[in-house]
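Participant: Provided herewith: query32.txt, compact mmCIF, C-alpha atoms.
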```txt
# COMPACT_ATOMS: atom_id res chain seq x y z
CA MET A 1 96.44 92.41 119.53
CA THR A 2 93.50 94.55 118.44
CA ALA A 3 91.07 94.04 115.58
CA LYS A 4 89.32 97.08 114.14
CA VAL A 5 85.92 96.27 112.67
CA ARG A 6 83.69 98.53 110.63
CA VAL A 7 79.98 97.76 110.17
CA THR A 8 78.03 99.61 107.49
CA LEU A 9 74.56 99.43 106.03
CA LYS A 10 74.33 97.56 102.74
CA GLU A 11 73.73 99.66 99.67
CA GLY A 12 70.03 100.31 99.19
CA VAL A 13 69.20 100.12 102.91
CA LEU A 14 67.66 103.37 104.11
CA ASP A 15 69.68 105.34 106.65
CA PRO A 16 67.34 107.84 108.36
CA GLN A 17 70.04 108.94 110.82
CA GLY A 18 72.43 109.70 107.99
CA ALA A 19 69.68 111.57 106.13
CA ALA A 20 68.92 113.68 109.23
CA ILE A 21 72.58 114.61 109.56
CA ARG A 22 72.74 115.57 105.89
CA ARG A 23 69.72 117.87 106.27
CA ALA A 24 71.26 119.49 109.34
CA LEU A 25 74.55 120.02 107.49
CA GLY A 26 72.69 121.67 104.61
CA LYS A 27 71.18 124.20 107.03
CA MET A 28 74.65 124.89 108.44
CA GLY A 29 76.07 125.85 105.06
CA HIS A 30 77.52 122.46 104.13
CA GLN A 31 75.37 121.91 101.03
CA ALA A 32 78.47 120.38 99.42
CA VAL A 33 77.71 117.21 101.41
CA GLN A 34 75.27 115.27 99.29
CA GLN A 35 74.91 112.09 101.30
CA VAL A 36 75.77 110.88 104.79
CA ARG A 37 75.83 107.21 105.77
CA GLN A 38 76.24 106.21 109.40
CA GLY A 39 77.85 103.00 110.55
CA LYS A 40 79.45 101.44 113.60
CA TYR A 41 83.03 100.84 114.55
CA PHE A 42 84.45 98.37 117.07
CA GLU A 43 87.83 97.64 118.55
CA LEU A 44 88.25 94.09 119.84
CA GLU A 45 91.25 93.70 122.09
CA PHE A 46 92.51 90.12 122.34
CA GLU A 47 94.65 88.55 125.03
CA GLU A 48 98.39 88.90 124.64
CA GLY A 49 100.05 86.23 122.58
CA ALA A 50 97.01 85.50 120.44
CA ALA A 51 98.01 84.42 116.93
CA GLU A 52 97.00 86.76 114.11
CA GLU A 53 95.14 84.04 112.15
CA GLU A 54 93.16 83.11 115.26
CA VAL A 55 92.36 86.78 115.94
CA ARG A 56 91.19 87.20 112.34
CA ARG A 57 89.03 84.05 112.43
CA ARG A 58 87.40 85.01 115.73
CA SER A 59 86.92 88.64 114.67
CA GLU A 60 85.11 87.56 111.51
CA GLU A 61 82.88 85.20 113.47
CA ILE A 62 82.11 87.88 116.09
CA ALA A 63 81.49 90.56 113.44
CA HIS A 64 79.12 88.24 111.58
CA LYS A 65 77.22 86.85 114.58
CA VAL A 66 77.28 89.65 117.14
CA LEU A 67 78.32 93.04 115.78
CA SER A 68 76.31 93.13 112.56
CA ASN A 69 72.93 92.16 111.21
CA PRO A 70 73.87 90.31 108.01
CA ILE A 71 70.46 91.01 106.45
CA ILE A 72 71.03 94.75 106.26
CA GLU A 73 74.67 95.28 107.21
CA ARG A 74 78.07 94.23 106.02
CA PHE A 75 81.29 94.22 108.01
CA GLU A 76 84.93 94.70 107.23
CA ILE A 77 87.97 93.84 109.35
CA GLU A 78 89.90 97.07 108.78
CA GLU A 79 93.11 96.00 110.38
CA ILE A 80 94.61 93.71 112.99
CA GLN A 81 97.61 94.95 114.89
CA MET B 1 84.63 112.41 96.70
CA THR B 2 83.93 110.61 99.97
CA ALA B 3 85.40 111.22 103.42
CA LYS B 4 85.44 108.34 105.90
CA VAL B 5 85.29 109.49 109.50
CA ARG B 6 85.74 107.41 112.62
CA VAL B 7 84.57 108.66 116.02
CA THR B 8 85.79 106.87 119.16
CA LEU B 9 85.52 107.43 122.89
CA LYS B 10 88.57 109.01 124.46
CA GLU B 11 90.69 106.76 126.59
CA GLY B 12 89.35 106.61 130.14
CA VAL B 13 85.74 107.25 129.11
CA LEU B 14 83.52 104.35 130.18
CA ASP B 15 81.93 102.34 127.39
CA PRO B 16 79.00 100.35 128.85
CA GLN B 17 77.90 99.09 125.41
CA GLY B 18 81.38 97.76 124.71
CA ALA B 19 81.49 96.16 128.16
CA ALA B 20 78.12 94.46 127.56
CA ILE B 21 79.37 93.05 124.24
CA ARG B 22 82.52 91.76 125.93
CA ARG B 23 80.49 89.95 128.59
CA ALA B 24 78.26 88.39 125.94
CA LEU B 25 81.31 87.24 123.97
CA GLY B 26 82.76 85.63 127.10
CA LYS B 27 79.59 83.55 127.49
CA MET B 28 79.84 82.51 123.84
CA GLY B 29 83.33 81.07 124.28
CA HIS B 30 85.27 84.14 123.15
CA GLN B 31 87.10 84.71 126.43
CA ALA B 32 90.14 85.65 124.35
CA VAL B 33 88.49 89.05 123.80
CA GLN B 34 89.52 91.13 126.78
CA GLN B 35 88.03 94.48 125.88
CA VAL B 36 85.53 95.86 123.38
CA ARG B 37 85.22 99.56 122.54
CA GLN B 38 82.36 100.78 120.40
CA GLY B 39 82.53 103.84 118.17
CA LYS B 40 80.78 105.40 115.21
CA TYR B 41 81.65 105.57 111.56
CA PHE B 42 80.44 108.01 108.92
CA GLU B 43 80.79 108.38 105.19
CA LEU B 44 80.36 111.94 103.90
CA GLU B 45 79.81 112.09 100.17
CA PHE B 46 80.67 115.45 98.64
CA GLU B 47 79.49 116.92 95.37
CA GLU B 48 81.49 116.05 92.28
CA GLY B 49 84.44 118.26 91.56
CA ALA B 50 85.04 119.22 95.20
CA ALA B 51 88.74 119.81 95.86
CA GLU B 52 90.42 117.42 98.27
CA GLU B 53 91.68 120.19 100.60
CA GLU B 54 88.19 121.65 100.80
CA VAL B 55 86.71 118.22 101.50
CA ARG B 56 89.27 117.65 104.25
CA ARG B 57 88.66 121.06 105.82
CA ARG B 58 84.88 120.65 105.80
CA SER B 59 85.09 117.05 107.03
CA GLU B 60 87.18 118.10 110.01
CA GLU B 61 84.78 120.92 110.85
CA ILE B 62 81.76 118.61 110.53
CA ALA B 63 83.41 115.84 112.55
CA HIS B 64 84.30 118.30 115.31
CA LYS B 65 81.00 120.18 115.46
CA VAL B 66 78.38 117.64 114.44
CA LEU B 67 79.56 114.03 114.45
CA SER B 68 81.45 113.96 117.74
CA ASN B 69 81.24 115.28 121.26
CA PRO B 70 84.74 116.69 121.77
CA ILE B 71 84.47 116.35 125.55
CA ILE B 72 84.36 112.56 125.48
CA GLU B 73 85.11 111.60 121.88
CA ARG B 74 87.84 112.06 119.33
CA PHE B 75 87.57 111.76 115.57
CA GLU B 76 89.84 110.71 112.78
CA ILE B 77 89.49 111.31 109.04
CA GLU B 78 90.39 107.81 107.90
CA GLU B 79 90.61 108.54 104.24
CA ILE B 80 89.34 110.81 101.49
CA GLN B 81 88.89 109.31 98.08
```
Step by step, read the file and then write its structure as structure tokens.
Facilitator:
Amino acid sequence: MTAKVRVTLKEGVLDPQGAAIRRALGKMGHQAVQQVRQGKYFELEFEEGAAEEEVRRRSEEIAHKVLSNPIIERFEIEEIQ
Amino acid sequence: MTAKVRVTLKEGVLDPQGAAIRRALGKMGHQAVQQVRQGKYFELEFEEGAAEEEVRRRSEEIAHKVLSNPIIERFEIEEIQ
């Protein structure tokens, strides 16, 4: 069973990497892109037979404590399957 | 209109960051997590009024040429909305 976790910067937090990508895109003719925000993505593969509620509980704990910095980032469990 | 793009390592490509996270999780009591794969996530915000097909076409071009390294990574346009 695999949990897919997305970690993104909270609104209002500066994203210099995203801004650099946007500038580069502008120079490449993609002025239609007005903002780029960069985040992280994780796949957590659990042992076979793990119960979905247990996978969800652990994934939320791991996303909160290990994968994200709750001061500037938020996380989302995209799907468990 | 915003395109959400996920970039992940191709199967078989080593992921030392993911492996390091897995080891750390094991020491924290999360032995149930057997593998961790780390990827990237991007949100591309297009100018208002952009047509969905145009946003999709540009997003695929940008994901291929700028956001990913096609030799070791693959990308997926998660959604456009």
Participant: Pick out the closest residue to chain A from this set: B:Ala63, B:Ile72, B:Ala32, B:Ala51. Count all atoms listed in the file.
Facilitator: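 Selected residue with least distance to chain A: B:Ala32.
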Participant: Given 3 Å of margin on each side, can you work out the centre and size in Å (one decimal) of an axis-aligned box holding every listed atom of region 51-58 of chain A, as JSON?
Facilitator:
```
{"center_x": 92.7, "center_y": 85.2, "center_z": 114.5, "size_x": 16.6, "size_y": 10.1, "size_z": 10.8}
```
Participant: Using all atoms listed in the file, determine which residues lie at most 9 Å from region 23-31 of chain B, disregarding the query and same-chain residues fewer than 2 positions distant; provide the list as a PyMOL selection string.
Facilitator: (chain A and resi 46-47+58+62+66) or (chain B and resi 18-21+33-34)
Participant: Report the distance between CA of Lys4 (chain A) and CA of Val55 (chain B) in Å, rounded to one decimal place.
Facilitator: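 Those two atoms sit 24.8 Å apart.
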Participant: Between CA of Val36 (chain B) and CA of Leu9 (chain A), what distance in Å does the model show, to one decimal?
Facilitator: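 Separation of CA of Val36 (chain B) and CA of Leu9 (chain A): 20.8 Å.
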Participant: Would you be able to write out as a ChimeraX atom specification which residues have an atom within 9 Å of (73.0, 109.4, 107.8) in the file's coordinates, counting all atoms listed in the file?
Facilitator: /A:14-22,35-39 /B:42-44
Participant: Just how far from CA of Ile77 (chain B) is CA of Ile77 (chain A), in Å to one decimal?
Facilitator: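 Interatomic distance here is 17.5 Å.
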Participant: Give me the residues within 8 Å of Met1 (chain A) as a ChimeraX atom specification, counting all atoms listed in the file and dropping any in the same chain fewer than 5 places off.
Facilitator: /A:45-50,52,55,80-81
Participant: Tell me which of A:Glu79, A:Glu54, A:Thr8, A:Val13 sits closest to Leu67 (chain A), counting all atoms listed in the file.
Facilitator: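 Using all atoms listed in the file, the shortest distance to Leu67 (chain A) belongs to A:Thr8.
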Participant: For Glu53 (chain A), which residue out of A:Ala3, A:Glu76, A:Gly12, A:Ile71 is the nearest one, using all atoms listed in the file?
Facilitator: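 The answer is A:Ala3, which sits nearest to Glu53 (chain A).
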